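Input: a single structure, listed below in structure tokens.
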Amino acid sequence: IDDSYFLAKKYNEHLETQNEFHEVHKIVTHNKKTKWIDIRCVTTFNDDGKPLVSKGTIQDITEKTLKDIELQQKIDKCFIKADLLKWAK
């Protein structure tokens, strides 16, 4: 899935609101690998509110995100088991 349109829309919203830009997205690289990225940006504006410069970072958070997903799946399984035990009594 190509999120470039969505990201461009969110960046334009950032410029309009002058708030910090922060998005987390799943991307597919040119060699078909799925990665999760954390994008952050701040923009400096002139006195008229026009953007002068945007600075930011893009961080690969794939490993952390996959571990978070795995942990959430384990937690969900525990709750399902707990519900089943509660109903079995």
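Ordered as shown in the structure tokens, chains take letters A, B, and onward, while each chain numbers its residues from 1 and ligands are numbered from 1 in the order shown.
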- Apply DSSP to the backbone of this structure and, from chain A, keep only the residues in alpha helix (DSSP H); write these as number ranges by chain. A: 4-17, 62-88
Written selection (N, CA and C atoms) as a compact mmCIF listing (two decimals), in the first residue's frame:
# COMPACT_ATOMS: atom_id res chain seq x y z
N SER A 4 1.89 7.51 0.21
CA SER A 4 2.48 8.81 -0.12
C SER A 4 1.41 9.91 -0.18
N TYR A 5 0.22 9.61 -0.72
CA TYR A 5 -0.85 10.61 -0.77
C TYR A 5 -1.27 11.00 0.65
N PHE A 6 -1.46 9.98 1.50
CA PHE A 6 -1.87 10.22 2.88
C PHE A 6 -0.81 11.05 3.61
N LEU A 7 0.46 10.70 3.43
CA LEU A 7 1.53 11.44 4.11
C LEU A 7 1.60 12.88 3.62
N ALA A 8 1.43 13.09 2.32
CA ALA A 8 1.44 14.45 1.78
C ALA A 8 0.29 15.26 2.37
N LYS A 9 -0.88 14.64 2.50
CA LYS A 9 -2.04 15.31 3.09
C LYS A 9 -1.76 15.68 4.55
N LYS A 10 -1.20 14.73 5.32
CA LYS A 10 -0.89 14.99 6.72
C LYS A 10 0.18 16.09 6.85
N TYR A 11 1.16 16.10 5.95
CA TYR A 11 2.21 17.12 6.00
C TYR A 11 1.60 18.50 5.71
N ASN A 12 0.70 18.56 4.73
CA ASN A 12 0.04 19.83 4.42
C ASN A 12 -0.80 20.31 5.60
N GLU A 13 -1.46 19.39 6.30
CA GLU A 13 -2.20 19.75 7.52
C GLU A 13 -1.24 20.32 8.57
N HIS A 14 -0.07 19.70 8.67
CA HIS A 14 0.96 20.18 9.60
C HIS A 14 1.34 21.63 9.27
N LEU A 15 1.49 21.92 8.00
CA LEU A 15 1.85 23.28 7.60
C LEU A 15 0.72 24.27 7.90
N GLU A 16 -0.51 23.83 7.71
CA GLU A 16 -1.66 24.71 7.97
C GLU A 16 -1.84 24.98 9.46
N THR A 17 -1.69 23.95 10.28
CA THR A 17 -1.92 24.10 11.72
C THR A 17 -0.68 24.57 12.48
N THR A 62 10.70 -1.03 13.09
CA THR A 62 10.15 -2.34 12.75
C THR A 62 10.31 -3.35 13.87
N GLU A 63 11.51 -3.49 14.39
CA GLU A 63 11.78 -4.50 15.43
C GLU A 63 10.92 -4.26 16.67
N LYS A 64 10.86 -3.03 17.13
CA LYS A 64 10.05 -2.69 18.30
C LYS A 64 8.57 -2.95 18.02
N THR A 65 8.10 -2.53 16.86
CA THR A 65 6.68 -2.69 16.53
C THR A 65 6.29 -4.16 16.46
N LEU A 66 7.13 -4.98 15.85
CA LEU A 66 6.83 -6.41 15.76
C LEU A 66 6.80 -7.06 17.15
N LYS A 67 7.70 -6.64 18.03
CA LYS A 67 7.68 -7.15 19.40
C LYS A 67 6.42 -6.69 20.13
N ASP A 68 6.00 -5.44 19.91
CA ASP A 68 4.77 -4.94 20.53
C ASP A 68 3.55 -5.72 20.04
N ILE A 69 3.50 -6.02 18.74
CA ILE A 69 2.40 -6.80 18.18
C ILE A 69 2.38 -8.20 18.77
N GLU A 70 3.54 -8.82 18.87
CA GLU A 70 3.64 -10.17 19.44
C GLU A 70 3.18 -10.17 20.90
N LEU A 71 3.60 -9.18 21.67
CA LEU A 71 3.20 -9.08 23.06
C LEU A 71 1.68 -8.89 23.18
N GLN A 72 1.12 -8.03 22.34
CA GLN A 72 -0.32 -7.79 22.39
C GLN A 72 -1.10 -9.06 22.05
N GLN A 73 -0.58 -9.85 21.10
CA GLN A 73 -1.24 -11.11 20.75
C GLN A 73 -1.22 -12.08 21.94
N LYS A 74 -0.11 -12.13 22.67
CA LYS A 74 -0.02 -12.98 23.85
C LYS A 74 -0.99 -12.52 24.93
N ILE A 75 -1.08 -11.22 25.13
CA ILE A 75 -2.01 -10.68 26.12
C ILE A 75 -3.45 -11.03 25.73
N ASP A 76 -3.76 -10.87 24.45
CA ASP A 76 -5.11 -11.19 23.97
C ASP A 76 -5.44 -12.66 24.22
N LYS A 77 -4.48 -13.55 23.97
CA LYS A 77 -4.70 -14.98 24.20
C LYS A 77 -4.96 -15.26 25.68
N CYS A 78 -4.25 -14.57 26.56
CA CYS A 78 -4.45 -14.76 28.00
C CYS A 78 -5.86 -14.33 28.40
N PHE A 79 -6.34 -13.23 27.87
CA PHE A 79 -7.68 -12.77 28.19
C PHE A 79 -8.73 -13.74 27.65
N ILE A 80 -8.50 -14.29 26.46
CA ILE A 80 -9.43 -15.26 25.91
C ILE A 80 -9.48 -16.50 26.79
N LYS A 81 -8.31 -16.99 27.21
CA LYS A 81 -8.26 -18.15 28.09
C LYS A 81 -8.95 -17.87 29.42
N ALA A 82 -8.72 -16.68 29.96
CA ALA A 82 -9.36 -16.31 31.24
C ALA A 82 -10.88 -16.28 31.09
N ASP A 83 -11.37 -15.75 29.98
CA ASP A 83 -12.81 -15.73 29.74
C ASP A 83 -13.36 -17.14 29.62
N LEU A 84 -12.63 -18.03 28.92
CA LEU A 84 -13.09 -19.40 28.77
C LEU A 84 -13.14 -20.12 30.12
N LEU A 85 -12.13 -19.90 30.95
CA LEU A 85 -12.13 -20.52 32.28
C LEU A 85 -13.28 -20.00 33.14
N LYS A 86 -13.57 -18.71 33.02
CA LYS A 86 -14.65 -18.11 33.79
C LYS A 86 -15.99 -18.74 33.39
N TRP A 87 -16.17 -18.97 32.11
CA TRP A 87 -17.43 -19.56 31.62
C TRP A 87 -17.51 -21.06 31.87
N ALA A 88 -16.37 -21.70 32.06
CA ALA A 88 -16.35 -23.15 32.29
C ALA A 88 -16.80 -23.51 33.71
- Show which residues sit within 12 Å of Thr57 in chain A, as a list of chain:residue names. Count only C-alpha atoms, and ignore same-chain residues fewer than 3 positions away.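 Once the nearby chain positions are removed, what remains is A:Phe21, A:His22, A:Glu23, A:Val24, A:Ile37, A:Asp38, A:Ile39, A:Arg40, A:Cys41, A:Val42, A:Ser54, A:Asp60.
The nearest approach to Asp3 in chain A among the residues A:Lys50, A:Lys35, A:Lys26, A:Lys55, with only C-alpha atoms taken into account, belongs to A:Lys26.
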- Secondary structure check, strand (DSSP E) residues of range 8-72 of chain A, as number ranges by chain: A: 21-28, 34-45, 51-60
Store the residues picked out above in a file with C-alpha atoms, as a CSV table (one decimal), in the first residue's frame.
chain,number,residue,atom,x,y,z
A,21,PHE,CA,4.2,16.5,12.4
A,22,HIS,CA,4.3,12.9,13.8
A,23,GLU,CA,3.2,9.8,11.9
A,24,VAL,CA,3.9,6.0,12.2
A,25,HIS,CA,3.5,4.1,9.0
A,26,LYS,CA,4.0,0.6,7.6
A,27,ILE,CA,5.8,0.6,4.3
A,28,VAL,CA,7.0,-1.9,1.7
A,34,THR,CA,7.7,-4.6,5.2
A,35,LYS,CA,9.0,-2.0,7.6
A,36,TRP,CA,7.5,0.3,10.2
A,37,ILE,CA,8.7,3.9,10.3
A,38,ASP,CA,8.3,6.8,12.7
A,39,ILE,CA,8.3,10.2,11.0
A,40,ARG,CA,8.7,13.4,13.0
A,41,CYS,CA,9.0,17.0,11.7
A,42,VAL,CA,9.0,20.5,12.9
A,43,THR,CA,8.7,23.6,10.6
A,44,THR,CA,9.9,27.1,11.2
A,45,PHE,CA,7.5,29.8,9.9
A,51,PRO,CA,7.0,27.9,6.1
A,52,LEU,CA,10.7,28.6,5.9
A,53,VAL,CA,12.3,25.3,6.7
A,54,SER,CA,11.2,21.8,7.8
A,55,LYS,CA,13.5,19.5,9.7
A,56,GLY,CA,12.8,16.0,10.9
A,57,THR,CA,13.7,12.4,11.2
A,58,ILE,CA,12.5,9.1,9.9
A,59,GLN,CA,13.3,6.1,12.2
A,60,ASP,CA,12.9,2.4,11.5
